[in-house]
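Enquirer: Sharing a structure with you now.
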Amino acid sequence: MKFTYYGHSCFAIEVQGKTLLFDPFITPNPLASAVEIDKIKADYILVSHGHEDHIADLVLLAKNTGAKVISNYEIYVWLTKQGIEKAHPMNTGGKWNFDFGTVECTIAQHSSSFPDGSYAGNPMGFHISSAEGNFYYSGDTALTLDMKLIGDYKKTDYALLPVGDNFTMGIDDAVIAAEFIKCNNIIGVHFDTFGFIKIDHTTAKQKFKKAGKDLTLPVIGESININE
Ligand code: NI
Ligand code: MN
């Protein structure tokens, strides 16, 4: 599996020959100005919730790439109204077998509305199992006790967790989340993009190290091979 970071909570993971793009938010992010959005390819786009900082470039990239969008039902309906028909509606607790692996929609404790304030359904995360390995993207969320279920019943090789605090869990809770899900390889997202979520990278990495876990804070544009 190959991970590529596009800033904030936008990243791609290549798995089983397919490119999965998550939470497209690039053009409004000044930190991601070097990312060439026209060059981004995707077979699937997975959307955790309706907030601007997760869907700003969703319609554009769905059209540009021809990718199939995987989201909750409310975001699916909103997309069809904008001419995006290649989409797969899901909801929390549901799973589906795609050609790259199985996606299960997990609980996220957050809120979700579209940029105009209208209802965007419940926020979600995704646990993805494939022949190449498993990973979990929690979406924007607080630390929740539900994460223990993931640790007890699923294998997770890599997890992508928000670490920026203020709008989501911060470092200390993300360490506990990593313990709950029983995963040692964490990639942090949702940090540094704006003032409220700026973090100290050294302290963050030390806290994970102290817990016997590895935290990667990716650089925008960077690709990391996450094959075990
Ligand atoms: Ni959000
Ligand atoms: Mn967010």
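Ordered as shown in the structure tokens, chains take letters A, B, and onward, while each chain numbers its residues from 1 and ligands are numbered from 1 in the order shown.
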What's around segment 71-76 of chain A at 7 Å? Count only C-alpha atoms, leave out sequence neighbours fewer than 3 positions away in its own chain, and write the answer as a list of chain:residue names.

Expert: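 Residues meeting the cut-off are A:Leu46, A:Val47, A:Ser48, A:Gly50, A:Leu79, A:Thr80, A:Ala87, A:His88, A:Pro89, A:Met90, A:Asn91, A:Ala120, A:Gly121.
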
Enquirer: Ligand 2: which residues are within 7 Å, counting only C-alpha atoms and all ligand atoms? Reply as a tab-separated table (two decimals) with all heavy atoms, in the first residue's frame.

Expert:
```
chain	number	residue	atom	x	y	z
A	51	HIS	N	-18.32	18.59	6.03
A	51	HIS	CA	-17.68	19.88	6.30
A	51	HIS	C	-16.77	20.30	5.13
A	51	HIS	O	-16.13	19.47	4.49
A	51	HIS	CB	-16.88	19.83	7.60
A	51	HIS	CG	-17.75	19.83	8.83
A	51	HIS	ND1	-17.32	19.37	10.05
A	51	HIS	CD2	-19.03	20.23	9.00
A	51	HIS	CE1	-18.31	19.51	10.95
A	51	HIS	NE2	-19.36	20.02	10.33
A	53	ASP	N	-13.89	21.53	4.94
A	53	ASP	CA	-12.49	21.11	4.94
A	53	ASP	C	-12.32	19.62	4.62
A	53	ASP	O	-11.23	19.06	4.79
A	53	ASP	CB	-11.78	21.48	6.26
A	53	ASP	CG	-12.41	20.82	7.48
A	53	ASP	OD1	-13.65	20.70	7.53
A	53	ASP	OD2	-11.65	20.43	8.39
A	54	HIS	N	-13.41	18.99	4.13
A	54	HIS	CA	-13.35	17.58	3.71
A	54	HIS	C	-13.95	17.35	2.32
A	54	HIS	O	-13.76	16.29	1.74
A	54	HIS	CB	-14.02	16.67	4.76
A	54	HIS	CG	-13.33	16.75	6.08
A	54	HIS	ND1	-12.47	15.80	6.53
A	54	HIS	CD2	-13.33	17.74	7.01
A	54	HIS	CE1	-11.96	16.18	7.70
A	54	HIS	NE2	-12.45	17.35	8.01
A	140	ASP	N	-12.99	12.91	11.17
A	140	ASP	CA	-12.96	13.85	12.30
A	140	ASP	C	-13.74	13.21	13.43
A	140	ASP	O	-14.92	12.88	13.27
A	140	ASP	CB	-13.66	15.17	11.92
A	140	ASP	CG	-12.80	16.08	11.07
A	140	ASP	OD1	-11.72	15.65	10.62
A	140	ASP	OD2	-13.22	17.25	10.85
A	167	PHE	N	-10.99	20.86	17.13
A	167	PHE	CA	-12.17	20.37	16.40
A	167	PHE	C	-12.30	18.84	16.48
A	167	PHE	O	-13.36	18.29	16.14
A	167	PHE	CB	-12.09	20.75	14.92
A	167	PHE	CG	-12.16	22.23	14.67
A	167	PHE	CD1	-11.08	22.91	14.12
A	167	PHE	CD2	-13.31	22.97	14.97
A	167	PHE	CE1	-11.13	24.28	13.88
A	167	PHE	CE2	-13.38	24.33	14.74
A	167	PHE	CZ	-12.28	24.99	14.20
A	190	HIS	N	-5.21	16.21	9.87
A	190	HIS	CA	-6.02	17.28	10.50
A	190	HIS	C	-5.21	18.07	11.52
A	190	HIS	O	-5.63	18.30	12.64
A	190	HIS	CB	-7.29	16.67	11.14
A	190	HIS	CG	-8.50	17.56	11.07
A	190	HIS	ND1	-8.77	18.55	11.99
A	190	HIS	CD2	-9.52	17.62	10.18
A	190	HIS	CE1	-9.91	19.15	11.68
A	190	HIS	NE2	-10.39	18.62	10.58
```

Enquirer: Where does DSSP see strand (DSSP E) in segment 39-169 of chain A, if you list the residues as a ChimeraX atom specification?

Expert: /A:44-46,68-72,87-90,95-97,102-107,124-130,133-137,158-162

Enquirer: Around ligand 1, out to 12 Å and counting only C-alpha atoms and all ligand atoms, which residues are there? I want them as a VMD selection string.

Expert: chain A and resid 8 to 9 23 25 47 to 56 108 to 115 120 122 to 125 138 to 142 162 164 to 169 190

Enquirer: Can you tell me which residues surround Asp57 of chain A at a distance of at most 8 Å, considering only C-alpha atoms, apart from same-chain residues fewer than 2 positions away, and format the answer as a VMD selection string?

Expert: chain A and resid 24 to 27 55 59 to 61

Enquirer: With all heavy atoms retained, write the just-selected residues as a PDB file, in the first residue's frame.

Expert:
```
ATOM      1  N   PRO A  24     -11.333  15.193  -0.063  1.00  0.00           N
ATOM      2  CA  PRO A  24     -10.610  16.160  -0.908  1.00  0.00           C
ATOM      3  C   PRO A  24     -10.790  17.626  -0.494  1.00  0.00           C
ATOM      4  O   PRO A  24     -11.881  18.179  -0.587  1.00  0.00           O
ATOM      5  CB  PRO A  24     -11.180  15.916  -2.311  1.00  0.00           C
ATOM      6  CG  PRO A  24     -12.336  15.009  -2.164  1.00  0.00           C
ATOM      7  CD  PRO A  24     -12.380  14.467  -0.786  1.00  0.00           C
ATOM      8  N   PHE A  25      -9.698  18.193  -0.028  1.00  0.00           N
ATOM      9  CA  PHE A  25      -9.648  19.607   0.389  1.00  0.00           C
ATOM     10  C   PHE A  25      -8.246  20.078   0.059  1.00  0.00           C
ATOM     11  O   PHE A  25      -7.313  19.851   0.816  1.00  0.00           O
ATOM     12  CB  PHE A  25      -9.941  19.709   1.896  1.00  0.00           C
ATOM     13  CG  PHE A  25      -9.709  21.074   2.487  1.00  0.00           C
ATOM     14  CD1 PHE A  25     -10.628  22.106   2.318  1.00  0.00           C
ATOM     15  CD2 PHE A  25      -8.570  21.333   3.257  1.00  0.00           C
ATOM     16  CE1 PHE A  25     -10.414  23.363   2.891  1.00  0.00           C
ATOM     17  CE2 PHE A  25      -8.352  22.584   3.822  1.00  0.00           C
ATOM     18  CZ  PHE A  25      -9.274  23.594   3.648  1.00  0.00           C
ATOM     19  N   ILE A  26      -8.090  20.686  -1.101  1.00  0.00           N
ATOM     20  CA  ILE A  26      -6.757  21.063  -1.563  1.00  0.00           C
ATOM     21  C   ILE A  26      -6.709  22.543  -1.959  1.00  0.00           C
ATOM     22  O   ILE A  26      -5.901  23.304  -1.426  1.00  0.00           O
ATOM     23  CB  ILE A  26      -6.333  20.169  -2.754  1.00  0.00           C
ATOM     24  CG1 ILE A  26      -6.211  18.709  -2.284  1.00  0.00           C
ATOM     25  CG2 ILE A  26      -5.006  20.647  -3.351  1.00  0.00           C
ATOM     26  CD1 ILE A  26      -6.248  17.684  -3.375  1.00  0.00           C
ATOM     27  N   THR A  27      -7.592  22.954  -2.868  1.00  0.00           N
ATOM     28  CA  THR A  27      -7.487  24.330  -3.395  1.00  0.00           C
ATOM     29  C   THR A  27      -7.668  25.416  -2.329  1.00  0.00           C
ATOM     30  O   THR A  27      -7.023  26.457  -2.430  1.00  0.00           O
ATOM     31  CB  THR A  27      -8.446  24.560  -4.585  1.00  0.00           C
ATOM     32  OG1 THR A  27      -9.773  24.219  -4.206  1.00  0.00           O
ATOM     33  CG2 THR A  27      -8.046  23.743  -5.797  1.00  0.00           C
ATOM     34  N   ILE A  55     -14.697  18.362   1.845  1.00  0.00           N
ATOM     35  CA  ILE A  55     -15.358  18.153   0.545  1.00  0.00           C
ATOM     36  C   ILE A  55     -15.150  19.297  -0.456  1.00  0.00           C
ATOM     37  O   ILE A  55     -15.759  19.295  -1.527  1.00  0.00           O
ATOM     38  CB  ILE A  55     -16.888  17.927   0.691  1.00  0.00           C
ATOM     39  CG1 ILE A  55     -17.587  19.186   1.230  1.00  0.00           C
ATOM     40  CG2 ILE A  55     -17.203  16.717   1.557  1.00  0.00           C
ATOM     41  CD1 ILE A  55     -19.049  19.241   0.852  1.00  0.00           C
ATOM     42  N   VAL A  59     -16.553  17.639  -5.756  1.00  0.00           N
ATOM     43  CA  VAL A  59     -17.283  17.594  -7.035  1.00  0.00           C
ATOM     44  C   VAL A  59     -16.292  17.717  -8.193  1.00  0.00           C
ATOM     45  O   VAL A  59     -16.345  16.952  -9.164  1.00  0.00           O
ATOM     46  CB  VAL A  59     -18.369  18.693  -7.082  1.00  0.00           C
ATOM     47  CG1 VAL A  59     -18.978  18.790  -8.474  1.00  0.00           C
ATOM     48  CG2 VAL A  59     -19.463  18.391  -6.046  1.00  0.00           C
ATOM     49  N   LEU A  60     -15.342  18.650  -8.065  1.00  0.00           N
ATOM     50  CA  LEU A  60     -14.323  18.841  -9.104  1.00  0.00           C
ATOM     51  C   LEU A  60     -13.533  17.552  -9.351  1.00  0.00           C
ATOM     52  O   LEU A  60     -13.380  17.109 -10.497  1.00  0.00           O
ATOM     53  CB  LEU A  60     -13.367  19.968  -8.680  1.00  0.00           C
ATOM     54  CG  LEU A  60     -12.151  20.184  -9.567  1.00  0.00           C
ATOM     55  CD1 LEU A  60     -12.517  20.954 -10.823  1.00  0.00           C
ATOM     56  CD2 LEU A  60     -11.039  20.915  -8.818  1.00  0.00           C
ATOM     57  N   LEU A  61     -13.064  16.936  -8.261  1.00  0.00           N
ATOM     58  CA  LEU A  61     -12.235  15.739  -8.415  1.00  0.00           C
ATOM     59  C   LEU A  61     -13.040  14.518  -8.841  1.00  0.00           C
ATOM     60  O   LEU A  61     -12.532  13.668  -9.572  1.00  0.00           O
ATOM     61  CB  LEU A  61     -11.454  15.459  -7.121  1.00  0.00           C
ATOM     62  CG  LEU A  61     -10.175  16.301  -7.012  1.00  0.00           C
ATOM     63  CD1 LEU A  61      -9.612  16.260  -5.601  1.00  0.00           C
ATOM     64  CD2 LEU A  61      -9.119  15.831  -7.997  1.00  0.00           C
TER      65      LEU A  61
END
```

Enquirer: Quick one: residues within 10 Å of Ser129 of chain A, only C-alpha atoms counted, chain neighbours fewer than 3 positions away excluded, as an MDAnalysis selection string?

Expert: chainID A and resid 15 97 100:104 126 132:136 154:157

Enquirer: Using only C-alpha atoms, which protein or nucleic acid residues come within 7 Å of Leu143 of chain A? Drop anything in the same chain fewer than 6 positions from it, and give the result as a list of chain:residue names.

Expert: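 After dropping sequence-adjacent residues, the list is A:Met169, A:Asp173, A:Ala174, A:Ala177.
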
Enquirer: With N, CA, C and O atoms retained, write the just-selected residues as a compact mmCIF listing (two decimals), in the first residue's frame.

Expert:
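The result, stored in out-v5.txt:
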```
# COMPACT_ATOMS: atom_id res chain seq x y z
N MET A 169 -10.10 15.05 18.27
CA MET A 169 -9.18 14.66 19.34
C MET A 169 -7.78 15.24 19.07
O MET A 169 -7.42 15.49 17.92
N ASP A 173 -5.41 12.13 23.33
CA ASP A 173 -6.52 11.23 23.05
C ASP A 173 -6.22 10.32 21.85
O ASP A 173 -6.69 9.19 21.79
N ALA A 174 -5.44 10.82 20.90
CA ALA A 174 -5.08 9.98 19.75
C ALA A 174 -4.19 8.81 20.19
O ALA A 174 -4.28 7.71 19.63
N ALA A 177 -6.60 6.42 21.52
CA ALA A 177 -7.31 5.82 20.37
C ALA A 177 -6.46 4.71 19.75
O ALA A 177 -6.96 3.63 19.43
```

Enquirer: Give the alpha helix (DSSP H) residues of segment 51-172 of chain A, as DSSP finds them on the backbone, and put them as a VMD selection string.

Expert: chain A and resid 52 to 55 58 to 65 73 to 80 147 to 153 171 to 172

Enquirer: Counting only C-alpha atoms, which residue out of A:Asp214, A:Asp200, A:Asp192, A:Glu85 sits closest to Ala178 of chain A?

Expert: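 Distance minimum relative to Ala178 of chain A lands on A:Asp214.
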
Enquirer: Between A:Leu217, A:Thr144, A:Phe22, A:Ser33, which has the minimum distance to Ile199 of chain A (counting only C-alpha atoms)?

Expert: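 Answer, going by the shortest atom-to-atom distance: A:Leu217.
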
Enquirer: Counting only C-alpha atoms, which of A:Ile187, A:Ile224, A:Ile176, A:Cys105 gets nearest to Lys210 of chain A?

Expert: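 Comparing A:Ile187, A:Ile224, A:Ile176, A:Cys105 against Lys210 of chain A, the winner is A:Ile176.
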